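> Okay, here's the structure, questions in a sec.
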Amino acid sequence: MSGLRVVPASEGEALERWRYVHNVVVPVAAMSAAQAGERVARGYRLENAYVGDELVGCSTVRPAVDGVVTVIVRVLPQWRGRGFGAALYEQVLARVQGARALETCVLAVNEGGLRFAERYGFTEVERYVLDGETDEWVDLRLEL
């Protein structure tokens with residue numbers, strides 16, 4: 001995707017913008033600034049995606065566990081359907097060289113997100129509801 005610029009979001013305004021996208025796309029799992037900072041402290045790679053100066057999405061790459069890396073790509077609703085999710089996913093893939101598998105999680109009601117993951121070869125592993133909550137999540141996996 002021509003014109004997509006991806007930048008780290010590890011502190012300050014960049015982290016706040018990452019949190020903004022996360023909270024818009026996944027409002028049922030909205031997080032505080034402190035929670036976003038905890039992810040950085042745990043070694044998560046957080047990035048924001050821009051077209052020009054316009055924020056279009058964000059990504060999360062969790063550190064590998066036994067060769068498995070969790071990747072999550074989020075695109076703001078008004079920017080969907082233009083290839084930005086695919087371009088951001090390709091950027092993320094460049095950062096996970098050497099992984100034996102990728103995992104992702106999608107809110108079950110996000111049919112577009114599930115179709116996106118499946119289009120890239122992810123298959124459903126598990127559906128679950130977190131303790132004390134009502135929203136269903138789907139974990140998906142891609143063997144590399």
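Chain labels follow the order of the structure tokens: the first chain is A, the next B, and so on; residue numbering restarts at 1 in every chain, and ligands are counted from 1 in their shown order.
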If you run DSSP over the backbone, which residues in chain A end up strand (DSSP E)? Put them as number ranges by chain.

A: 4-8, 45-51, 54-61, 68-75, 101-107, 123-129, 136-143

> So that I can check the secondary structure, give me every residue of chain A assigned helix (DSSP H, G or I) by backbone DSSP, as an MDAnalysis selection string.

chainID A and resid 12:25 27:29 33:41 77:79 84:93 111:119

> Quick one: everything within 8 Å of A:Val109, counting only C-alpha atoms, minus sequence neighbours fewer than 2 positions away in the same chain. Send it as an MDAnalysis selection string.

chainID A and resid 107 111 136

> Can you tell me which residues surround A:Gly98 at a distance of at most 12 Å, considering only C-alpha atoms, apart from same-chain residues fewer than 2 positions away, and format the answer as a VMD selection string?

chain A and resid 64 66 to 69 93 to 96 100 to 102 143 to 144

> Restrict the selected residues to N, CA and C atoms and save them as a PDB file, in the first residue's frame.


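File written: again_5.pdb
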```pdb
ATOM      1  N   ALA A  64       7.495 -13.508  21.310  1.00  0.00           N
ATOM      2  CA  ALA A  64       7.333 -14.934  21.012  1.00  0.00           C
ATOM      3  C   ALA A  64       7.348 -15.767  22.287  1.00  0.00           C
ATOM      4  N   ASP A  66       7.687 -19.830  22.853  1.00  0.00           N
ATOM      5  CA  ASP A  66       7.922 -21.119  22.185  1.00  0.00           C
ATOM      6  C   ASP A  66       7.787 -21.009  20.666  1.00  0.00           C
ATOM      7  N   GLY A  67       8.276 -19.909  20.100  1.00  0.00           N
ATOM      8  CA  GLY A  67       8.250 -19.729  18.655  1.00  0.00           C
ATOM      9  C   GLY A  67       6.930 -19.259  18.090  1.00  0.00           C
ATOM     10  N   VAL A  68       5.965 -18.956  18.950  1.00  0.00           N
ATOM     11  CA  VAL A  68       4.654 -18.492  18.511  1.00  0.00           C
ATOM     12  C   VAL A  68       4.524 -17.007  18.860  1.00  0.00           C
ATOM     13  N   VAL A  69       4.184 -16.204  17.859  1.00  0.00           N
ATOM     14  CA  VAL A  69       4.056 -14.761  18.029  1.00  0.00           C
ATOM     15  C   VAL A  69       2.599 -14.375  17.828  1.00  0.00           C
ATOM     16  N   LEU A  93       4.409  -8.728   9.491  1.00  0.00           N
ATOM     17  CA  LEU A  93       5.077  -9.977   9.120  1.00  0.00           C
ATOM     18  C   LEU A  93       6.594  -9.806   9.013  1.00  0.00           C
ATOM     19  N   ALA A  94       7.026  -8.651   8.559  1.00  0.00           N
ATOM     20  CA  ALA A  94       8.458  -8.393   8.427  1.00  0.00           C
ATOM     21  C   ALA A  94       9.155  -8.372   9.782  1.00  0.00           C
ATOM     22  N   ARG A  95       8.391  -8.198  10.859  1.00  0.00           N
ATOM     23  CA  ARG A  95       8.959  -8.106  12.204  1.00  0.00           C
ATOM     24  C   ARG A  95       8.923  -9.430  12.972  1.00  0.00           C
ATOM     25  N   VAL A  96       8.388 -10.463  12.377  1.00  0.00           N
ATOM     26  CA  VAL A  96       8.247 -11.740  13.091  1.00  0.00           C
ATOM     27  C   VAL A  96       9.017 -12.873  12.406  1.00  0.00           C
ATOM     28  N   ARG A 100       7.549 -19.804  14.316  1.00  0.00           N
ATOM     29  CA  ARG A 100       7.034 -21.037  13.716  1.00  0.00           C
ATOM     30  C   ARG A 100       5.526 -20.982  13.516  1.00  0.00           C
ATOM     31  N   ALA A 101       4.877 -20.033  14.218  1.00  0.00           N
ATOM     32  CA  ALA A 101       3.431 -19.853  14.066  1.00  0.00           C
ATOM     33  C   ALA A 101       3.056 -18.446  14.504  1.00  0.00           C
ATOM     34  N   LEU A 102       1.924 -17.994  13.976  1.00  0.00           N
ATOM     35  CA  LEU A 102       1.350 -16.714  14.396  1.00  0.00           C
ATOM     36  C   LEU A 102      -0.013 -16.994  15.009  1.00  0.00           C
ATOM     37  N   GLU A 143       0.082 -21.641  11.077  1.00  0.00           N
ATOM     38  CA  GLU A 143       1.374 -22.340  11.123  1.00  0.00           C
ATOM     39  C   GLU A 143       2.226 -21.829   9.975  1.00  0.00           C
ATOM     40  N   LEU A 144       3.467 -21.524  10.253  1.00  0.00           N
ATOM     41  CA  LEU A 144       4.365 -20.998   9.202  1.00  0.00           C
ATOM     42  C   LEU A 144       5.272 -22.076   8.656  1.00  0.00           C
TER      43      LEU A 144
END
```

> Would you list the contacts of A:Leu142 as a PDB file with N, CA and C atoms, in the first residue's frame, taking every protein, DNA or RNA residue within 12 Å and counting only C-alpha atoms, but skipping same-chain residues closer than 3 positions in sequence?


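Result file follows (around_1.pdb):
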```
ATOM      1  N   VAL A  68       5.965 -18.956  18.950  1.00  0.00           N
ATOM      2  CA  VAL A  68       4.654 -18.492  18.511  1.00  0.00           C
ATOM      3  C   VAL A  68       4.524 -17.007  18.860  1.00  0.00           C
ATOM      4  N   VAL A  69       4.184 -16.204  17.859  1.00  0.00           N
ATOM      5  CA  VAL A  69       4.056 -14.761  18.029  1.00  0.00           C
ATOM      6  C   VAL A  69       2.599 -14.375  17.828  1.00  0.00           C
ATOM      7  N   THR A  70       2.070 -13.578  18.747  1.00  0.00           N
ATOM      8  CA  THR A  70       0.710 -13.058  18.597  1.00  0.00           C
ATOM      9  C   THR A  70       0.778 -11.708  17.902  1.00  0.00           C
ATOM     10  N   VAL A  71       0.002 -11.569  16.833  1.00  0.00           N
ATOM     11  CA  VAL A  71      -0.052 -10.326  16.066  1.00  0.00           C
ATOM     12  C   VAL A  71      -1.503  -9.866  15.971  1.00  0.00           C
ATOM     13  N   LEU A  93       4.409  -8.728   9.491  1.00  0.00           N
ATOM     14  CA  LEU A  93       5.077  -9.977   9.120  1.00  0.00           C
ATOM     15  C   LEU A  93       6.594  -9.806   9.013  1.00  0.00           C
ATOM     16  N   ALA A  99       9.528 -16.933  13.457  1.00  0.00           N
ATOM     17  CA  ALA A  99       8.432 -17.537  14.223  1.00  0.00           C
ATOM     18  C   ALA A  99       7.995 -18.817  13.531  1.00  0.00           C
ATOM     19  N   ARG A 100       7.549 -19.804  14.316  1.00  0.00           N
ATOM     20  CA  ARG A 100       7.034 -21.037  13.716  1.00  0.00           C
ATOM     21  C   ARG A 100       5.526 -20.982  13.516  1.00  0.00           C
ATOM     22  N   ALA A 101       4.877 -20.033  14.218  1.00  0.00           N
ATOM     23  CA  ALA A 101       3.431 -19.853  14.066  1.00  0.00           C
ATOM     24  C   ALA A 101       3.056 -18.446  14.504  1.00  0.00           C
ATOM     25  N   LEU A 102       1.924 -17.994  13.976  1.00  0.00           N
ATOM     26  CA  LEU A 102       1.350 -16.714  14.396  1.00  0.00           C
ATOM     27  C   LEU A 102      -0.013 -16.994  15.009  1.00  0.00           C
ATOM     28  N   GLU A 103      -0.364 -16.204  15.985  1.00  0.00           N
ATOM     29  CA  GLU A 103      -1.703 -16.257  16.555  1.00  0.00           C
ATOM     30  C   GLU A 103      -2.276 -14.855  16.566  1.00  0.00           C
ATOM     31  N   THR A 104      -3.588 -14.789  16.587  1.00  0.00           N
ATOM     32  CA  THR A 104      -4.280 -13.524  16.716  1.00  0.00           C
ATOM     33  C   THR A 104      -5.571 -13.771  17.474  1.00  0.00           C
ATOM     34  N   CYS A 105      -6.179 -12.700  17.951  1.00  0.00           N
ATOM     35  CA  CYS A 105      -7.483 -12.826  18.612  1.00  0.00           C
ATOM     36  C   CYS A 105      -8.391 -11.733  18.060  1.00  0.00           C
ATOM     37  N   ALA A 117      -8.622 -12.430   8.915  1.00  0.00           N
ATOM     38  CA  ALA A 117      -7.681 -13.427   9.446  1.00  0.00           C
ATOM     39  C   ALA A 117      -7.754 -14.722   8.636  1.00  0.00           C
ATOM     40  N   GLU A 118      -8.946 -15.162   8.324  1.00  0.00           N
ATOM     41  CA  GLU A 118      -9.104 -16.396   7.558  1.00  0.00           C
ATOM     42  C   GLU A 118      -8.553 -16.254   6.144  1.00  0.00           C
ATOM     43  N   ARG A 119      -8.714 -15.079   5.554  1.00  0.00           N
ATOM     44  CA  ARG A 119      -8.178 -14.828   4.208  1.00  0.00           C
ATOM     45  C   ARG A 119      -6.656 -14.975   4.184  1.00  0.00           C
ATOM     46  N   TYR A 120      -6.012 -14.683   5.296  1.00  0.00           N
ATOM     47  CA  TYR A 120      -4.555 -14.794   5.385  1.00  0.00           C
ATOM     48  C   TYR A 120      -4.102 -16.141   5.940  1.00  0.00           C
ATOM     49  N   GLY A 121      -5.027 -17.095   6.033  1.00  0.00           N
ATOM     50  CA  GLY A 121      -4.664 -18.458   6.385  1.00  0.00           C
ATOM     51  C   GLY A 121      -4.802 -18.831   7.844  1.00  0.00           C
ATOM     52  N   PHE A 122      -5.257 -17.913   8.685  1.00  0.00           N
ATOM     53  CA  PHE A 122      -5.471 -18.239  10.094  1.00  0.00           C
ATOM     54  C   PHE A 122      -6.690 -19.143  10.203  1.00  0.00           C
ATOM     55  N   THR A 123      -6.637 -20.093  11.123  1.00  0.00           N
ATOM     56  CA  THR A 123      -7.783 -20.955  11.385  1.00  0.00           C
ATOM     57  C   THR A 123      -8.173 -20.835  12.853  1.00  0.00           C
ATOM     58  N   GLU A 124      -9.447 -20.979  13.081  1.00  0.00           N
ATOM     59  CA  GLU A 124      -9.971 -20.849  14.443  1.00  0.00           C
ATOM     60  C   GLU A 124      -9.441 -21.973  15.331  1.00  0.00           C
ATOM     61  N   VAL A 125      -9.007 -21.573  16.530  1.00  0.00           N
ATOM     62  CA  VAL A 125      -8.500 -22.522  17.513  1.00  0.00           C
ATOM     63  C   VAL A 125      -9.466 -22.647  18.681  1.00  0.00           C
ATOM     64  N   ASP A 139      -9.747 -17.052  19.127  1.00  0.00           N
ATOM     65  CA  ASP A 139      -8.310 -17.176  18.917  1.00  0.00           C
ATOM     66  C   ASP A 139      -8.105 -17.922  17.612  1.00  0.00           C
TER      67      ASP A 139
END
```

> One decimal, in Å: what's the spacing between atom CA of A:Tyr44 and atom CA of A:Ser10?

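Atom CA of A:Ser10 lies at a distance of 9.0 Å from atom CA of A:Tyr44.
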
> Show which residues sit within 7 Å of stretch 46-56 of chain A, as an NGL selection string. Count only C-alpha atoms, and ignore same-chain residues fewer than 2 positions away.

:A and (3-10 or 18 or 44 or 58-61 or 75-76 or 79)

> For the selection you just gave me, I'd like the residues written to a file as a PDB file, in the first residue's frame, keeping N, CA and C atoms.


```pdb
ATOM      1  N   GLY A   3       2.172   4.822   0.444  1.00  0.00           N
ATOM      2  CA  GLY A   3       1.854   5.920   1.330  1.00  0.00           C
ATOM      3  C   GLY A   3       1.590   5.537   2.772  1.00  0.00           C
ATOM      4  N   LEU A   4       1.590   4.249   3.108  1.00  0.00           N
ATOM      5  CA  LEU A   4       1.382   3.839   4.492  1.00  0.00           C
ATOM      6  C   LEU A   4       2.691   4.004   5.242  1.00  0.00           C
ATOM      7  N   ARG A   5       2.633   4.702   6.350  1.00  0.00           N
ATOM      8  CA  ARG A   5       3.807   4.926   7.190  1.00  0.00           C
ATOM      9  C   ARG A   5       3.525   4.315   8.555  1.00  0.00           C
ATOM     10  N   VAL A   6       4.420   3.457   9.022  1.00  0.00           N
ATOM     11  CA  VAL A   6       4.241   2.765  10.297  1.00  0.00           C
ATOM     12  C   VAL A   6       5.332   3.236  11.249  1.00  0.00           C
ATOM     13  N   VAL A   7       4.912   3.673  12.441  1.00  0.00           N
ATOM     14  CA  VAL A   7       5.866   4.211  13.416  1.00  0.00           C
ATOM     15  C   VAL A   7       5.642   3.585  14.788  1.00  0.00           C
ATOM     16  N   PRO A   8       6.712   3.415  15.566  1.00  0.00           N
ATOM     17  CA  PRO A   8       6.576   2.863  16.920  1.00  0.00           C
ATOM     18  C   PRO A   8       5.667   3.739  17.782  1.00  0.00           C
ATOM     19  N   ALA A   9       5.018   3.083  18.730  1.00  0.00           N
ATOM     20  CA  ALA A   9       4.103   3.788  19.644  1.00  0.00           C
ATOM     21  C   ALA A   9       4.400   3.334  21.067  1.00  0.00           C
ATOM     22  N   SER A  10       5.573   3.672  21.556  1.00  0.00           N
ATOM     23  CA  SER A  10       5.985   3.161  22.859  1.00  0.00           C
ATOM     24  C   SER A  10       5.846   4.156  24.003  1.00  0.00           C
ATOM     25  N   TRP A  18      -2.090   5.066  19.764  1.00  0.00           N
ATOM     26  CA  TRP A  18      -2.269   3.621  19.655  1.00  0.00           C
ATOM     27  C   TRP A  18      -3.469   3.200  20.499  1.00  0.00           C
ATOM     28  N   TYR A  44       5.769  -5.757  24.379  1.00  0.00           N
ATOM     29  CA  TYR A  44       4.915  -5.728  23.198  1.00  0.00           C
ATOM     30  C   TYR A  44       5.440  -4.638  22.257  1.00  0.00           C
ATOM     31  N   CYS A  58      -3.497   0.624  13.894  1.00  0.00           N
ATOM     32  CA  CYS A  58      -2.386   0.303  14.783  1.00  0.00           C
ATOM     33  C   CYS A  58      -2.164  -1.206  14.761  1.00  0.00           C
ATOM     34  N   SER A  59      -1.027  -1.606  15.311  1.00  0.00           N
ATOM     35  CA  SER A  59      -0.739  -3.030  15.405  1.00  0.00           C
ATOM     36  C   SER A  59      -0.081  -3.337  16.733  1.00  0.00           C
ATOM     37  N   THR A  60      -0.175  -4.603  17.110  1.00  0.00           N
ATOM     38  CA  THR A  60       0.452  -5.125  18.315  1.00  0.00           C
ATOM     39  C   THR A  60       1.164  -6.409  17.937  1.00  0.00           C
ATOM     40  N   VAL A  61       2.412  -6.535  18.367  1.00  0.00           N
ATOM     41  CA  VAL A  61       3.148  -7.789  18.226  1.00  0.00           C
ATOM     42  C   VAL A  61       3.631  -8.154  19.618  1.00  0.00           C
ATOM     43  N   VAL A  75      -7.743  -1.477  12.185  1.00  0.00           N
ATOM     44  CA  VAL A  75      -7.920  -0.349  11.272  1.00  0.00           C
ATOM     45  C   VAL A  75      -9.180   0.387  11.699  1.00  0.00           C
ATOM     46  N   LEU A  76      -9.076   1.705  11.796  1.00  0.00           N
ATOM     47  CA  LEU A  76     -10.245   2.509  12.167  1.00  0.00           C
ATOM     48  C   LEU A  76     -11.361   2.303  11.133  1.00  0.00           C
ATOM     49  N   TRP A  79     -11.486   3.830   7.600  1.00  0.00           N
ATOM     50  CA  TRP A  79     -10.382   3.520   6.687  1.00  0.00           C
ATOM     51  C   TRP A  79     -10.428   2.075   6.186  1.00  0.00           C
TER      52      TRP A  79
END
```

> Name the closest residue to A:Ser32 among the candidates A:Phe116, A:Trp137, A:Tyr20, A:Phe84; distances are taken between atoms, counting only C-alpha atoms.

A:Tyr20
